[in-house]
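Coordinates from entry_35.txt are shown below (compact mmCIF, C-alpha atoms).
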# COMPACT_ATOMS: atom_id res chain seq x y z
CA MET D 191 127.96 91.52 90.25
CA SER D 192 127.53 90.03 93.69
CA LYS D 193 124.65 87.74 94.46
CA ILE D 194 122.61 87.85 97.63
CA ILE D 195 121.66 84.35 98.73
CA PRO D 196 118.82 84.27 101.29
CA SER D 197 118.87 81.40 103.76
CA ASP D 198 116.96 78.32 102.61
CA ASP D 199 114.97 78.04 105.82
CA THR D 200 113.80 81.64 105.99
CA THR D 201 110.25 82.42 106.97
CA LEU D 202 110.32 86.18 106.39
CA PRO D 203 107.12 87.12 104.57
CA ALA D 204 106.80 89.71 101.84
CA GLY D 205 106.36 93.26 103.08
CA ILE D 206 108.24 96.13 104.71
CA LEU D 207 109.95 94.83 107.84
CA GLY D 208 112.06 96.23 110.63
CA LEU D 209 115.12 94.04 111.24
CA SER D 210 117.84 94.13 113.87
CA ILE D 211 121.32 92.93 112.92
CA LYS D 212 122.53 90.29 115.38
CA GLY D 213 125.89 89.50 113.80
CA ALA D 214 128.03 89.51 110.66
CA VAL D 215 130.89 87.21 109.69
CA GLU D 216 133.18 86.41 106.76
CA VAL D 217 132.52 82.96 105.26
CA LEU D 218 133.20 80.81 102.21
CA HIS D 219 129.90 80.19 100.44
CA ASP D 220 130.03 77.71 97.54
CA LYS D 221 133.82 78.25 97.49
CA LEU D 222 133.37 82.03 97.14
CA TYR D 223 134.36 84.65 99.71
CA ALA D 224 131.17 86.07 101.24
CA ILE D 225 129.78 88.03 104.18
CA GLN D 226 126.89 86.55 106.15
CA VAL D 227 124.61 88.83 108.15
CA PHE D 228 122.21 87.50 110.79
CA PHE D 229 118.93 89.36 111.35
CA THR D 230 116.02 89.17 113.79
CA ALA D 231 112.68 90.73 112.81
CA ILE D 232 111.49 93.39 115.26
CA VAL D 233 108.41 94.85 113.54
CA PRO D 234 105.59 94.33 112.72
CA LYS D 235 104.26 92.14 115.52
CA GLU D 236 103.35 89.31 113.12
CA VAL D 237 107.02 88.59 112.40
CA GLU D 238 108.68 89.70 115.64
CA GLY D 239 111.46 87.28 116.59
CA LEU D 240 111.81 85.57 113.19
CA GLU D 241 115.45 85.00 112.27
CA HIS D 242 116.95 85.41 108.81
CA VAL D 243 120.43 85.03 107.29
CA GLU D 244 121.59 86.92 104.19
CA THR D 245 124.76 85.87 102.38
CA PHE D 246 126.43 88.57 100.32
CA ASP D 247 128.72 86.84 97.80
CA ILE D 248 131.76 89.05 97.28
CA GLY D 249 134.01 86.59 95.45
CA THR D 250 133.53 85.72 91.80
CA ASN D 251 134.38 82.68 89.69
CA GLU D 252 137.45 84.55 88.40
CA ASP D 253 138.46 85.75 91.90
CA PRO D 254 136.82 83.48 94.51
CA GLY D 255 138.84 84.94 97.40
CA THR D 256 139.87 83.36 100.70
CA LEU D 257 139.00 83.93 104.33
CA LYS D 258 142.60 84.94 104.99
CA ASP D 259 143.07 87.37 102.09
CA GLY D 260 139.56 88.23 100.94
CA VAL D 261 139.37 89.28 97.28
CA SER D 262 141.26 91.72 95.07
CA ASP D 263 140.45 95.43 95.29
CA LYS D 264 138.94 95.32 91.79
CA THR D 265 136.57 92.45 92.70
CA TRP D 266 135.68 94.14 96.00
CA LEU D 267 134.68 97.35 94.23
CA LEU D 268 132.65 95.48 91.60
CA THR D 269 130.68 93.29 94.02
CA ILE D 270 130.34 95.21 97.30
CA GLY D 271 127.24 97.24 96.27
CA PRO D 272 124.47 95.28 98.04
CA PHE D 273 126.51 94.93 101.26
CA LYS D 274 127.40 98.62 101.13
CA GLY D 275 123.68 99.43 100.82
CA LEU D 276 123.05 97.49 104.05
CA CYS D 277 125.90 99.35 105.79
CA GLU D 278 124.53 102.73 104.70
CA ALA D 279 121.04 101.84 105.94
CA ALA D 280 122.53 100.75 109.27
CA GLY D 281 124.50 103.99 109.60
CA VAL D 282 127.88 102.23 109.39
CA LYS D 283 130.56 103.48 107.00
CA CYS D 284 131.83 100.70 104.75
CA VAL D 285 135.47 101.84 104.90
CA GLY D 286 138.55 100.81 106.86
CA LYS D 287 139.07 97.42 108.49
CA LEU D 288 136.29 94.98 107.64
CA GLU D 289 136.34 93.60 111.19
CA LYS D 290 135.34 97.06 112.49
CA VAL D 291 132.62 97.42 109.86
CA LEU D 292 131.14 94.01 110.77
CA ALA D 293 131.32 94.80 114.50
CA GLY D 294 129.66 98.17 113.88
CA LEU D 295 126.67 96.47 112.23
CA VAL D 296 125.76 94.48 115.35
CA GLU D 297 122.58 95.73 117.09
CA GLN D 298 121.79 98.22 114.32
CA ASP D 299 118.27 98.36 112.92
CA VAL D 300 117.31 98.57 109.25
CA VAL D 301 114.16 98.61 107.18
CA ALA D 302 114.00 95.70 104.72
CA HIS D 303 111.87 95.69 101.59
CA CYS D 304 110.83 92.11 100.83
CA PRO D 305 108.96 91.84 97.51
CA ALA D 306 108.67 88.07 97.91
CA PRO D 307 108.87 85.78 100.95
CA GLY D 308 112.47 85.26 102.03
CA HIS D 309 113.92 87.81 99.59
CA ILE D 310 115.22 91.19 100.73
CA ALA D 311 115.49 93.53 97.74
CA SER D 312 116.78 96.64 99.50
CA TYR D 313 117.46 98.28 102.85
CA GLU D 314 116.62 101.73 104.20
CA ILE D 315 117.44 103.81 107.24
CA PRO D 316 114.72 103.43 109.88
CA GLY D 317 112.57 106.52 109.97
CA ALA D 318 108.92 107.24 109.51
CA GLN D 319 108.13 104.10 107.51
CA GLU D 320 105.06 102.13 108.30
CA PHE D 321 105.70 98.41 108.54
CA MET D 322 103.44 95.78 107.15
CA VAL D 323 103.49 92.16 106.15
CA THR D 324 101.78 90.71 103.12
CA PHE D 325 100.40 87.25 103.84
CA GLU D 326 98.59 85.46 101.04
CA ASN D 327 94.79 85.30 101.51
CA ALA D 328 94.94 87.35 104.72
CA PRO D 329 93.23 90.63 105.55
CA GLU D 330 95.38 93.73 105.06
CA PRO D 331 97.09 94.49 108.41
CA GLU D 332 97.15 97.93 109.92
CA PRO D 333 100.59 99.52 109.35
CA GLU D 334 102.45 100.29 112.55
CA PRO D 335 104.99 103.12 112.85
CA ILE D 336 108.53 102.32 113.91
CA LYS D 337 109.54 102.94 117.48
CA ARG D 338 113.11 104.14 117.61
CA ARG D 339 115.47 102.42 119.97
CA PRO D 340 117.15 104.63 122.56
CA GLY D 341 120.51 105.88 121.35
CA ARG D 342 119.75 105.62 117.64
CA PRO D 343 120.00 108.93 115.79
CA ALA D 344 116.80 110.16 114.26
CA ALA D 345 116.36 109.80 110.54
CA LYS D 346 116.72 112.91 108.46
CA PRO D 347 113.38 114.49 107.68
CA PRO D 348 112.21 113.96 104.10
CA ILE D 349 113.22 116.66 101.65
CA GLU D 350 110.18 118.53 100.52
CA GLN D 351 109.95 119.15 96.82
CA ALA D 352 109.71 122.86 96.21
CA THR D 353 107.53 123.91 93.35
CA PRO D 354 109.76 125.50 90.76
CA PRO D 355 109.06 129.14 90.02
CA ALA D 356 107.03 129.78 86.92
CA THR D 357 109.30 130.27 83.96
CA PRO D 358 108.89 133.59 82.22
CA PRO D 359 107.51 133.39 78.71
CA ALA D 360 110.11 133.18 75.95
CA PRO D 361 110.77 136.40 74.03
CA PRO D 362 108.92 136.58 70.74
CA ARG D 363 110.80 135.20 67.75
CA PRO D 364 111.61 137.50 64.89
CA PRO D 365 109.64 136.98 61.71
CA ALA D 366 110.74 133.96 59.66
CA SER D 367 111.94 136.15 56.78
CA THR D 368 114.88 137.51 58.84
CA GLN D 369 116.16 134.09 59.95
CA VAL D 370 118.88 132.44 57.90
CA PRO D 371 118.94 128.65 58.23
CA ARG D 372 122.40 127.25 59.14
CA ARG D 373 123.74 123.79 59.47
CA PHE D 374 126.06 122.83 62.27
CA GLY D 375 129.60 123.84 61.31
CA ALA D 376 128.53 125.99 58.35
CA PRO D 377 130.15 129.43 58.14
CA LYS D 378 128.13 132.38 59.41
CA VAL D 379 126.39 134.38 56.70
Kindly return the structure encoded in the file as structure tokens.
Amino acid sequence: MSKIIPSDDTTLPAGILGLSIKGAVEVLHDKLYAIQVFFTAIVPKEVEGLEHVETFDIGTNEDPGTLKDGVSDKTWLLTIGPFKGLCEAAGVKCVGKLEKVLAGLVEQDVVAHCPAPGHIASYEIPGAQEFMVTFENAPEPEPEPIKRRPGRPAAKPPIEQATPPATPPAPPRPPASTQVPRRFGAPKV
């Protein structure tokens, strides 16, 4: 499994934040092949302009990888999940040449769920989310809706759950005296 290593100097608070991707590069992190992504917070106003770096470790102890060759296909498939989740939220397909994927991430916006300061647990496509920051011992801020950047496609509307039709009542069972108990695999009587 890949590990996501947040930057040590991060100041992102807990909450639901809108982030813009400023860059993405391949690096060696603790001798493991990794992808670093650079973010700037864009909403809410309390965190606007804060910078954050996420390091997605792709290499493993068994297959650390190199900057020249990356990692084996098997290791890539086993560890790419968190980075792929970021790509999906940014609207970038995580297929083909990695250089094109990393370039496609630049200037894309994502919604980050931060359950604890400095830790991003998951990413979502920007849509109708309301952003908020959770500061300790602070009054609850008013959520603010996202303002879409020009040129970004609109998020798909949420799928409404249809109420299933009422199931018709089951037909009445015959009286117990006409039923013959059978065990699985027993011959029919």
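Between Glu297 in chain D and the residues D:Ser262, D:Gly281, D:Val217, D:Thr357, the shortest atom-to-atom distance, using all atoms listed in the file, involves D:Gly281.
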| Who sits within 7 Å of range 222-234 of chain D, all atoms listed in the file, same chain under 3 positions skipped, as a PyMOL selection string | chain D and resi 207-219+237-250+254-257+260+321-322+334
Please produce a file of those selected residues containing C-alpha atoms, as a compact mmCIF listing (two decimals), in the frame of the given file.
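Result file is again_27.txt:
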# COMPACT_ATOMS: atom_id res chain seq x y z
CA LEU D 207 109.95 94.83 107.84
CA GLY D 208 112.06 96.23 110.63
CA LEU D 209 115.12 94.04 111.24
CA SER D 210 117.84 94.13 113.87
CA ILE D 211 121.32 92.93 112.92
CA LYS D 212 122.53 90.29 115.38
CA GLY D 213 125.89 89.50 113.80
CA ALA D 214 128.03 89.51 110.66
CA VAL D 215 130.89 87.21 109.69
CA GLU D 216 133.18 86.41 106.76
CA VAL D 217 132.52 82.96 105.26
CA LEU D 218 133.20 80.81 102.21
CA HIS D 219 129.90 80.19 100.44
CA VAL D 237 107.02 88.59 112.40
CA GLU D 238 108.68 89.70 115.64
CA GLY D 239 111.46 87.28 116.59
CA LEU D 240 111.81 85.57 113.19
CA GLU D 241 115.45 85.00 112.27
CA HIS D 242 116.95 85.41 108.81
CA VAL D 243 120.43 85.03 107.29
CA GLU D 244 121.59 86.92 104.19
CA THR D 245 124.76 85.87 102.38
CA PHE D 246 126.43 88.57 100.32
CA ASP D 247 128.72 86.84 97.80
CA ILE D 248 131.76 89.05 97.28
CA GLY D 249 134.01 86.59 95.45
CA THR D 250 133.53 85.72 91.80
CA PRO D 254 136.82 83.48 94.51
CA GLY D 255 138.84 84.94 97.40
CA THR D 256 139.87 83.36 100.70
CA LEU D 257 139.00 83.93 104.33
CA GLY D 260 139.56 88.23 100.94
CA PHE D 321 105.70 98.41 108.54
CA MET D 322 103.44 95.78 107.15
CA GLU D 334 102.45 100.29 112.55
| task | Go ahead and compute the interatomic distance for CA of Ala302 in chain D and CA of Pro203 in chain D, in Å to one decimal. | result |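 CA of Pro203 in chain D lies 11.0 Å from CA of Ala302 in chain D.
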